Amino acid sequence: MTAPSPDGFEPAEASHPDFWHLRESYTFDRNVIAEIRRAANTGIYRIRGWGAKRRLPTLDDLVFLGASMSRYPLEGYREACGTDVVIGEHRAERPVHLKIPVTVAGMSFGSLSAQAKEALGRGASAAGTSTTTGDGGMTDEERQHSATLVYQYLPSRYGMNPDHLRVADAIEVVVGQGAKPGGGGMLLGQKITERVAEMRTLPEGIDQRSACRHPDWTGPDDLEIKIGELREITDWQVPIYVKVGAARPYYDTALAVKAGADAVVVDGMQGGTAATQDVFIEHVGIPTLAAIGESVRALRELGVHRREVKLIVAGGIRSGADVAKALALGADAASIGTAALIAIGDNDPAYEAEYQALGTSAGYWEDFQAGNDPAGITTQDPDLSARLDPVLAGRRLENYLQVLTIETQILARANGKSHVLNLEPEDLAALTVEAAAMAKVPLAGTAWIPGAD
Amino acid sequence: MRLHLEPGGVTGRFDLSAVSRRELNQALHDASAGESFEVVNPRGAHAVACGITADIDVVVRGSVGYYCAGMHQRGRVLVEGNASTGLAENIMSGEVRITGNATMSAGATGCGGLVVVGGNAGARCGISMKGVDIVVGGDVGHMSAFMAQAGNLVVCGDAAADLGDSIYEAQIFVRGDVESLGADCIEKEMRPAHTETLSRLLAAASPAGDGVDASEFRRYGSARRLYNFTIDDVDAAARQARERSEGERDAREAAR
């Protein structure tokens, strides 16, 4: 008989009557104790990847009502259910056409290996959707492997090159991201290899802490002028998105519209990151569920919803159910980051022995900043990166995106919709009072939306 | 003033009180090397002459708004007047000069080329610069060269507070007073190579740097103390202390 393990796993022995007298503090649980001990030893805040890990109200707290007496469903395999999304058709010469309502979120070369970026490009392109660059610029390989590539324009402007701006299919001005609204990126020394350092004009091996605010504009009035400049430089060819972390989604969305965005990307607090302070990830921003309705309200009030300005929702999207619920609440597309990495092999149980050697386990791995990812994804180590076969990993992502799309269609047809964008809030009910209030749909079995007039 | 246009050599003239910014910029983007353009009545318009990729000359007669010559890649732009925020932001190469003052973030994130401000530059001049050379004939505002990564910022006048805060490998040369240095920015020795670089930049900036000698400048750069996190390891220290005391005890027992 061994004592309860201190490593965060719940051992089978803990349920043995011999240990029933042990009571773990809810306030000071083992995880809290380990963090206090870690902080006391190192004197530095915890840095990690991934998004918020705590329990949050999510899209799981909503259900679809399905068809019934008053509305009829569509035949699953026989009747059409469209999935395409167009972005920027009102202003850009070359709007973005997506075959599916799911995109791959911004992740940099640097934080990810070249193989991982290639896999994302291959999978997304095969599935008919876009990938996005990240904080560190565009690589030739990335452009080559992505049929539709969104170029992020970030506060740090690492690797920012007007030639890349012009070969992009869309530009995403990043104001913030869900994992850290108000924070800049981080890339620690282990991952600042020669190539990454050169792309970012930084000394090799430094612990990079990116700027959190754009260097040449502050506020929505400036952003409007900045978007004008980006359109002028690209001769009004491509759509311009504005990405915000879910902070004040109603106002942020309204201001992004005012600034001239073709699409607003709202990233909830479950949205992942390659590396940032744990305190930021867990304690800044609001859940995705709470952000969608507020963004949609702003778009509706301005008369641009499902018209001039599209809404892309990100942060903890895992399944076709999440996608369908986001669309029903009013999003035009959902975006995946963490889920895409898992699809290509992040936290693969096949590497369990190696995860354990790093003091973790498959399913818990979050030290993306460490640069020693056994799966070869969040690393710049040539030997580890070589483990990821970009063709096979791309195929996994393609399969996964296909499943997300088909699941979304299943739910749309069940609600009698011939296009996934015809899903509406009236198709939903909430299982908790919190979810009802946040998503502004009635608590199941009632007509009650807490906070509604 | 070195004019880039020979009289009669103008291949395009744009009066921004009559034609749109879009028409101007599209014409500049479609231009071929060797062409020269004159822009009149800019009236503070934003993003004038941004995104130029051909080896052309553009003279803007009057003051401009934000992001004039933004992301400039080739050729020369001269503004006879003042410029607002983000003059020549993210310039890649080529030259952008203004005779007057620039407000905030002049030359921000520039990766190469030369930016010359004849008058003063406001706050955050050269912020996050990545290889551009910036010469300012007058003073610069606070937090200039903030997080500057590479390139040279030359200030012929004074620098306001927090110069070079969190600077990486960029170099700053200031002729006048520095109100205060930002975090991790220190004064460094002027060696012959630096004097050479500075003299070259002052000559290139003429007339902005006329009558100013490189020997009158001080050089500032990174102390490189913020490049990596400082991480303690008390556990290791405790382990060593324990091993030491065990070693001493063993030695005592062996002696007994």
# chains A, B, ... in the order shown; residues from 1 in each chain; ligands from 1
>>> interface_residues(of="chain B", to="chain A", cutoff="6 Å", atoms="only C-alpha atoms", output="MDAnalysis selection string")
chainID B and resid 47 51 86 105 227:228 231:234
>>> residues_around(residues="B:Phe14", least_positions_apart="3", cutoff="10 Å", atoms="only C-alpha atoms", output="PDB file with N, CA and C atoms, in the first residue's frame")
ATOM      1  N   SER B  17      -5.910  67.300 -53.713  1.00  0.00           N
ATOM      2  CA  SER B  17      -7.196  67.983 -53.529  1.00  0.00           C
ATOM      3  C   SER B  17      -8.137  67.611 -54.674  1.00  0.00           C
ATOM      4  N   ALA B  18      -7.590  66.950 -55.684  1.00  0.00           N
ATOM      5  CA  ALA B  18      -8.412  66.605 -56.853  1.00  0.00           C
ATOM      6  C   ALA B  18      -8.515  65.093 -57.069  1.00  0.00           C
ATOM      7  N   VAL B  19      -7.438  64.353 -56.766  1.00  0.00           N
ATOM      8  CA  VAL B  19      -7.498  62.897 -56.975  1.00  0.00           C
ATOM      9  C   VAL B  19      -7.415  62.189 -55.632  1.00  0.00           C
ATOM     10  N   SER B  20      -7.851  60.949 -55.607  1.00  0.00           N
ATOM     11  CA  SER B  20      -7.896  60.217 -54.339  1.00  0.00           C
ATOM     12  C   SER B  20      -6.529  59.626 -54.006  1.00  0.00           C
ATOM     13  N   ARG B  21      -6.359  59.320 -52.738  1.00  0.00           N
ATOM     14  CA  ARG B  21      -5.155  58.633 -52.265  1.00  0.00           C
ATOM     15  C   ARG B  21      -5.006  57.303 -52.979  1.00  0.00           C
ATOM     16  N   GLU B  23      -5.858  56.477 -56.024  1.00  0.00           N
ATOM     17  CA  GLU B  23      -5.293  56.659 -57.364  1.00  0.00           C
ATOM     18  C   GLU B  23      -3.795  56.908 -57.282  1.00  0.00           C
ATOM     19  N   LEU B  24      -3.408  57.754 -56.305  1.00  0.00           N
ATOM     20  CA  LEU B  24      -1.981  58.043 -56.136  1.00  0.00           C
ATOM     21  C   LEU B  24      -1.205  56.770 -55.827  1.00  0.00           C
ATOM     22  N   ALA B  27      -0.924  54.264 -58.624  1.00  0.00           N
ATOM     23  CA  ALA B  27       0.031  54.708 -59.650  1.00  0.00           C
ATOM     24  C   ALA B  27       1.466  54.462 -59.187  1.00  0.00           C
ATOM     25  N   PHE B  37       7.716  61.295 -59.219  1.00  0.00           N
ATOM     26  CA  PHE B  37       6.358  61.766 -58.977  1.00  0.00           C
ATOM     27  C   PHE B  37       6.375  62.949 -58.021  1.00  0.00           C
ATOM     28  N   GLU B  38       5.422  63.832 -58.240  1.00  0.00           N
ATOM     29  CA  GLU B  38       5.262  64.969 -57.350  1.00  0.00           C
ATOM     30  C   GLU B  38       3.834  64.929 -56.808  1.00  0.00           C
ATOM     31  N   VAL B  39       3.712  65.100 -55.498  1.00  0.00           N
ATOM     32  CA  VAL B  39       2.392  65.092 -54.864  1.00  0.00           C
ATOM     33  C   VAL B  39       2.183  66.450 -54.219  1.00  0.00           C
ATOM     34  N   VAL B  40       1.112  67.124 -54.593  1.00  0.00           N
ATOM     35  CA  VAL B  40       0.830  68.422 -53.976  1.00  0.00           C
ATOM     36  C   VAL B  40      -0.504  68.359 -53.240  1.00  0.00           C
ATOM     37  N   ASN B  41      -0.677  69.322 -52.359  1.00  0.00           N
ATOM     38  CA  ASN B  41      -1.882  69.385 -51.512  1.00  0.00           C
ATOM     39  C   ASN B  41      -2.160  68.088 -50.764  1.00  0.00           C
ATOM     40  N   PRO B  42      -1.171  67.519 -50.091  1.00  0.00           N
ATOM     41  CA  PRO B  42      -1.446  66.282 -49.340  1.00  0.00           C
ATOM     42  C   PRO B  42      -2.425  66.541 -48.187  1.00  0.00           C
ATOM     43  N   VAL B  60       6.700  64.953 -51.857  1.00  0.00           N
ATOM     44  CA  VAL B  60       5.396  65.370 -51.358  1.00  0.00           C
ATOM     45  C   VAL B  60       5.549  66.805 -50.859  1.00  0.00           C
TER      46      VAL B  60
END
>>> closest_residue(among="A:Ser319, A:Gln277, A:Ser113, A:Thr379", to="A:Tyr400", atoms="only C-alpha atoms")
A:Ser319
>>> atom_distance(atom1="atom CA of A:Ala339", atom2="atom CA of A:Gly316")
7.8 Å
>>> atom_distance(atom1="atom CA of B:Phe229", atom2="atom CA of B:Met147")
16.4 Å
>>> residues_around(residues="stretch 56-59 of chain B", least_positions_apart="5", cutoff="8 Å", atoms="only C-alpha atoms", output="PyMOL selection string")
chain B and resi 4-5+31-39+49+74-80
>>> residues_around(residues="A:Gln380", least_positions_apart="2", cutoff="8 Å", atoms="only C-alpha atoms", output="NGL selection string")
:A and (110-113 or 191 or 193 or 371 or 378 or 382 or 384-385)
>>> select_by_dssp(residues="stretch 68-229 of chain A", states="strand (DSSP E)", output="list in words")
Val85, Val86, Ile87, Val96, His97, Leu98, Val102, Thr103, Val104, Thr131, Thr132, Leu149, Val150, Tyr151, Gln152, Tyr153, Ala170, Ile171, Glu172, Val173, Val174, Met186, Leu187, Gln208 and Arg209 of chain A
>>> atom_distance(atom1="atom CA of B:Ser63", atom2="atom CA of B:Val115")
16.2 Å
>>> residues_around(residues="B:Cys111", least_positions_apart="5", cutoff="10 Å", atoms="only C-alpha atoms", output="JSON, numbers by chain")
{"A": [158, 159, 160, 161, 201], "B": [71, 72, 73, 89, 90, 91, 92, 93, 128, 129, 130, 131, 132, 133, 149, 150, 151]}
>>> write_last_selection(atoms="C-alpha atoms", output="tab-separated table (two decimals), in the first residue's frame")
chain	number	residue	atom	x	y	z
A	158	TYR	CA	8.78	40.00	-35.95
A	159	GLY	CA	9.51	39.02	-39.52
A	160	MET	CA	6.94	41.52	-40.81
A	161	ASN	CA	7.61	41.82	-44.53
A	201	THR	CA	16.10	39.88	-35.81
B	71	MET	CA	6.56	49.66	-45.49
B	72	HIS	CA	8.73	51.45	-48.02
B	73	GLN	CA	10.86	48.99	-49.99
B	89	GLU	CA	6.98	52.37	-40.47
B	90	ASN	CA	8.54	48.99	-41.24
B	91	ILE	CA	10.72	50.45	-44.01
B	92	MET	CA	12.71	47.63	-45.66
B	93	SER	CA	15.22	49.63	-47.73
B	128	SER	CA	11.15	47.98	-32.23
B	129	MET	CA	13.48	48.99	-35.08
B	130	LYS	CA	14.95	45.93	-36.82
B	131	GLY	CA	17.83	47.24	-38.89
B	132	VAL	CA	16.81	50.66	-40.18
B	133	ASP	CA	19.06	53.73	-39.82
B	149	GLN	CA	16.44	45.23	-32.08
B	150	ALA	CA	18.92	46.33	-34.75
B	151	GLY	CA	20.02	49.38	-36.72
>>> residues_around(residues="stretch 175-179 of chain B", least_positions_apart="3", cutoff="6 Å", atoms="only C-alpha atoms", output="VMD selection string")
chain B and resid 156 to 161 216 to 217
>>> write_last_selection(atoms="C-alpha atoms", output="CSV table (one decimal), in the first residue's frame")
chain,number,residue,atom,x,y,z
B,156,CYS,CA,21.6,65.4,-33.3
B,157,GLY,CA,19.7,67.1,-30.5
B,158,ASP,CA,18.5,65.8,-27.1
B,159,ALA,CA,16.7,62.6,-26.1
B,160,ALA,CA,13.7,62.6,-23.7
B,161,ALA,CA,13.2,60.2,-20.9
B,216,GLU,CA,30.3,65.2,-30.4
B,217,PHE,CA,28.1,62.1,-29.9
